[in-house]
Amino acid sequence: FVPHAPGVVIEDDNVFNTFYGYGWDKNELTEPDTVIKDFIYDIIADGDEELGDWLYGYLAHLVQHPEVNPQMCIILCGGEGIGKDTFFVIMEALIGRDHAFSTSKLGDLLPEAGGFNSSLKNKLAVMFNETELKDGISYIEKLKEFITRTTNTINEKFVSVYSQTNRCRCVVNSNKSNPIPLQEGQRRFLQMKVSNKRKEKTEENTAYWDLLYSKIADIESFGNELLMVNNSAWSAKAFPTTDIMKRLAELNMKPTLKFMRDICDWNMNEWGKV
């Protein structure tokens with residue numbers, strides 16, 4: 001399984017590649033369409049331009065370098081019906097349905113010893129949907145290991161166990177505000193709150209979603225736009241610290257560290273009065 005961007009040719013007569021492409025072709029882009037890009041900035045990034053730039057670069061990196069695993073996880077938080085799933089729908093459209101998989105159970109892809117996980121075969125992106133806090137805690141170390149591992153062991157029924165290079169990008173969708181406990185300074189999990197500005201079932205919002213999904217169905221234009229992006233400065237670990245990450249880092253800070261920080265802050269404030 002050797003994925004590659006459209007237009008790239010892998011010439012090796014000794015390799016039978018099980019990657020069959022994205023399902024769309026590289027073409028000359030006539031005029032960029034902003035509908036999908038605007039959705040990423042306005043809804044997924046909730047108007048945060050720096051975060052929107054990083055997410056746009058993330059998708060460009062996915063299209064240009066599917067063979068590279070960024071070794072980090074995107075966590076999308078917010079209520080039902082606001083568009084969290086749509087971000088993964090865009091990823092799935094870009095790389096092809098055969099190379100993406102979503103599930104509500106971590107065990108479907110990360111089973112206990114001896115369990116089957118054929119759904120992980122030939123995957124470039126996986127989504128764990130509606131993960132609750134208790135699941136985040138029980139699977140946190142396993143999820144970290146999955147993000148950073150170099151190979152996946154595939155266990156299919158009636159087939160000998162084999163390994164594939166781990167190229168899976170990980171997305172977690174949750175209705176909870178704290179699906180995975182985060183410590184300050186960690187660079188494996190990017191957590192953000194998705195905007196609910198398009199949740200209400202109005203005529204305007206219905207037209208918005210209809211137009212967006214029509215553009216996703218015809219993903220070739222957006223895919224070619226991403227192929228042309230100069231993404232050399234993008235870095236997987238250089239994502240911005242969102243407001244929700246700052247709040248969660250505060251909540252999950254060890255009491256001793258929080259006490260020492262508060263003492264230091266108090267001393268600085270008192271010293272300033274002298």
# chains A, B, ... in the order shown; residues from 1 in each chain; ligands from 1
$ residues_around --residues "Phe39 (chain A)" --least-positions-apart "2" --cutoff "12 Å" --atoms "only C-alpha atoms" --output "PyMOL selection string"
chain A and resi 33-37+41-48+52+55-56+82-84+86-87+90+194-198+208-209+211-213+215-216
$ closest_residue --among "A:Asn173, A:Asn27, A:Thr165, A:Thr153" --to "Cys77 (chain A)" --atoms "only C-alpha atoms"
A:Asn173
$ select_by_dssp --residues "region 37-273 of chain A" --states "strand (DSSP E or B)" --output "PyMOL selection string"
chain A and resi 73-77+100-103+125-129+151-154+162-165+169-174+189-193
$ closest_residue --among "A:Lys237, A:Lys105, A:Arg167, A:His99" --to "Phe189 (chain A)" --atoms "only C-alpha atoms"
A:Lys237
$ residues_around --residues "Leu106 (chain A)" --least-positions-apart "3" --cutoff "8 Å" --atoms "only C-alpha atoms" --output "list in words"
Thr103, Leu109, Leu110, Pro111, Phe128 and Tyr139 of chain A
$ write_last_selection --atoms "N, CA and C atoms" --output "PDB file, in the first residue's frame"
ATOM      1  N   THR A 103     -15.962   5.212  12.955  1.00  0.00           N
ATOM      2  CA  THR A 103     -16.571   4.288  13.890  1.00  0.00           C
ATOM      3  C   THR A 103     -16.845   4.997  15.205  1.00  0.00           C
ATOM      4  N   LEU A 109     -10.947  -0.535  15.500  1.00  0.00           N
ATOM      5  CA  LEU A 109      -9.647  -0.392  14.840  1.00  0.00           C
ATOM      6  C   LEU A 109      -8.498  -0.758  15.758  1.00  0.00           C
ATOM      7  N   LEU A 110      -8.714  -0.605  17.060  1.00  0.00           N
ATOM      8  CA  LEU A 110      -7.679  -0.898  18.046  1.00  0.00           C
ATOM      9  C   LEU A 110      -8.188  -1.985  18.986  1.00  0.00           C
ATOM     10  N   PRO A 111      -8.348  -3.207  18.476  1.00  0.00           N
ATOM     11  CA  PRO A 111      -8.934  -4.274  19.288  1.00  0.00           C
ATOM     12  C   PRO A 111      -7.964  -4.814  20.325  1.00  0.00           C
ATOM     13  N   PHE A 128     -12.996   8.620  14.945  1.00  0.00           N
ATOM     14  CA  PHE A 128     -13.679   8.046  16.093  1.00  0.00           C
ATOM     15  C   PHE A 128     -14.793   9.018  16.455  1.00  0.00           C
ATOM     16  N   TYR A 139      -8.935   4.882  26.812  1.00  0.00           N
ATOM     17  CA  TYR A 139      -8.188   4.599  25.595  1.00  0.00           C
ATOM     18  C   TYR A 139      -7.080   5.613  25.294  1.00  0.00           C
TER      19      TYR A 139
END
$ residues_around --residues "Val15 (chain A)" --least-positions-apart "3" --cutoff "10 Å" --atoms "only C-alpha atoms" --output "ChimeraX atom specification"
/A:1-2,10-12,18
$ select_by_dssp --residues "region 22-247 of chain A" --states "helix (DSSP H, G or I)" --output "ChimeraX atom specification"
/A:35-44,49-64,84-95,97-99,106-108,118-120,133-148,203-217,220-227,243-247
$ write_last_selection --atoms "C-alpha atoms" --output "CSV table (one decimal), in the first residue's frame"
chain,number,residue,atom,x,y,z
A,35,VAL,CA,-17.3,27.3,-0.7
A,36,ILE,CA,-15.4,24.4,1.0
A,37,LYS,CA,-12.5,26.6,2.2
A,38,ASP,CA,-15.0,29.1,3.7
A,39,PHE,CA,-16.7,26.3,5.6
A,40,ILE,CA,-13.3,25.3,7.1
A,41,TYR,CA,-12.5,28.8,8.2
A,42,ASP,CA,-16.0,29.9,9.3
A,43,ILE,CA,-17.5,26.7,10.8
A,44,ILE,CA,-14.7,24.3,11.7
A,49,GLU,CA,-8.0,32.7,10.8
A,50,GLU,CA,-4.8,31.2,12.3
A,51,LEU,CA,-6.6,27.9,13.0
A,52,GLY,CA,-8.2,28.0,9.6
A,53,ASP,CA,-4.9,28.4,7.9
A,54,TRP,CA,-3.5,25.4,9.8
A,55,LEU,CA,-6.5,23.2,8.9
A,56,TYR,CA,-6.3,24.3,5.2
A,57,GLY,CA,-2.7,23.3,5.2
A,58,TYR,CA,-3.5,20.0,6.9
A,59,LEU,CA,-5.8,19.1,4.0
A,60,ALA,CA,-3.2,20.3,1.5
A,61,HIS,CA,-0.7,18.1,3.2
A,62,LEU,CA,-3.1,15.1,3.1
A,63,VAL,CA,-3.6,15.5,-0.7
A,64,GLN,CA,0.1,16.3,-1.5
A,84,LYS,CA,-18.4,18.3,12.8
A,85,ASP,CA,-18.8,15.2,10.6
A,86,THR,CA,-18.6,17.3,7.4
A,87,PHE,CA,-14.9,17.9,8.0
A,88,PHE,CA,-14.2,14.1,7.7
A,89,VAL,CA,-16.6,13.9,4.8
A,90,ILE,CA,-14.4,16.3,3.0
A,91,MET,CA,-11.3,14.3,3.9
A,92,GLU,CA,-13.1,11.1,2.7
A,93,ALA,CA,-14.0,12.7,-0.6
A,94,LEU,CA,-10.4,13.9,-1.2
A,95,ILE,CA,-8.8,10.5,-0.6
A,97,ARG,CA,-14.0,6.3,0.4
A,98,ASP,CA,-12.0,3.1,0.4
A,99,HIS,CA,-9.2,4.9,2.2
A,106,LEU,CA,-12.1,2.6,19.3
A,107,GLY,CA,-12.0,-1.2,19.6
A,108,ASP,CA,-13.1,-1.6,15.9
A,118,SER,CA,-9.7,-5.5,8.8
A,119,SER,CA,-11.3,-2.0,8.6
A,120,LEU,CA,-7.8,-0.5,9.2
A,133,LEU,CA,-15.0,11.3,28.4
A,134,LYS,CA,-14.9,7.8,29.9
A,135,ASP,CA,-13.8,6.3,26.6
A,136,GLY,CA,-11.1,9.0,26.2
A,137,ILE,CA,-9.7,8.2,29.6
A,138,SER,CA,-9.7,4.4,29.1
A,139,TYR,CA,-8.2,4.6,25.6
A,140,ILE,CA,-5.9,7.7,25.9
A,141,GLU,CA,-2.7,5.8,26.0
A,142,LYS,CA,-3.8,3.4,23.2
A,143,LEU,CA,-4.8,6.4,21.1
A,144,LYS,CA,-1.5,8.1,21.6
A,145,GLU,CA,0.3,4.9,20.6
A,146,PHE,CA,-1.9,4.5,17.5
A,147,ILE,CA,-1.1,8.1,16.4
A,148,THR,CA,2.7,7.6,16.7
A,203,GLU,CA,-34.2,28.2,4.5
A,204,GLU,CA,-30.8,30.1,4.3
A,205,ASN,CA,-28.9,27.4,6.2
A,206,THR,CA,-30.5,24.6,4.2
A,207,ALA,CA,-29.4,26.3,1.0
A,208,TYR,CA,-25.9,26.6,2.6
A,209,TRP,CA,-25.6,22.9,3.4
A,210,ASP,CA,-27.0,21.9,0.0
A,211,LEU,CA,-24.4,24.0,-1.8
A,212,LEU,CA,-21.6,22.8,0.4
A,213,TYR,CA,-22.4,19.1,-0.2
A,214,SER,CA,-22.7,19.7,-3.9
A,215,LYS,CA,-19.2,21.0,-3.9
A,216,ILE,CA,-18.0,18.1,-1.9
A,217,ALA,CA,-19.6,15.7,-4.3
A,220,GLU,CA,-12.0,17.5,-8.0
A,221,SER,CA,-11.9,21.3,-8.1
A,222,PHE,CA,-11.0,21.7,-4.4
A,223,GLY,CA,-8.6,18.8,-4.6
A,224,ASN,CA,-6.7,20.4,-7.5
A,225,GLU,CA,-6.7,23.7,-5.5
A,226,LEU,CA,-5.0,21.9,-2.6
A,227,LEU,CA,-2.4,20.3,-5.0
A,243,ASP,CA,-9.3,28.7,23.7
A,244,ILE,CA,-10.7,25.2,24.5
A,245,MET,CA,-7.2,23.8,24.8
A,246,LYS,CA,-6.2,26.6,27.2
A,247,ARG,CA,-9.3,25.9,29.4
$ residues_around --residues "Lys157 (chain A)" --least-positions-apart "5" --cutoff "12 Å" --atoms "only C-alpha atoms" --output "list of chain:residue names"
A:Gly114, A:Gly115, A:Phe116, A:Asn117, A:Ser118, A:Ser119, A:Tyr162
$ closest_residue --among "A:Arg187, A:Asn17, A:Glu67, A:Glu80" --to "Ser235 (chain A)" --atoms "only C-alpha atoms"
A:Arg187
$ closest_residue --among "A:Ala233, A:Ala238, A:Val172, A:Val8" --to "Gly78 (chain A)" --atoms "only C-alpha atoms"
A:Val172
$ atom_distance --atom1 "CA of Pro3 (chain A)" --atom2 "CA of Phe158 (chain A)"
25.6 Å
$ atom_distance --atom1 "CA of Ala236 (chain A)" --atom2 "CA of Thr151 (chain A)"
19.2 Å
$ closest_residue --among "A:Cys73, A:Asn122, A:Ser232, A:Ala5" --to "Phe19 (chain A)" --atoms "only C-alpha atoms"
A:Asn122
$ atom_distance --atom1 "CA of Ser163 (chain A)" --atom2 "CA of Pro70 (chain A)"
19.3 Å
$ residues_around --residues "Cys168 (chain A)" --least-positions-apart "6" --cutoff "6 Å" --atoms "only C-alpha atoms" --output "ChimeraX atom specification"
/A:123-125
$ closest_residue --among "A:Gly96, A:Tyr22, A:Leu190, A:Pro6" --to "Thr242 (chain A)" --atoms "only C-alpha atoms"
A:Leu190
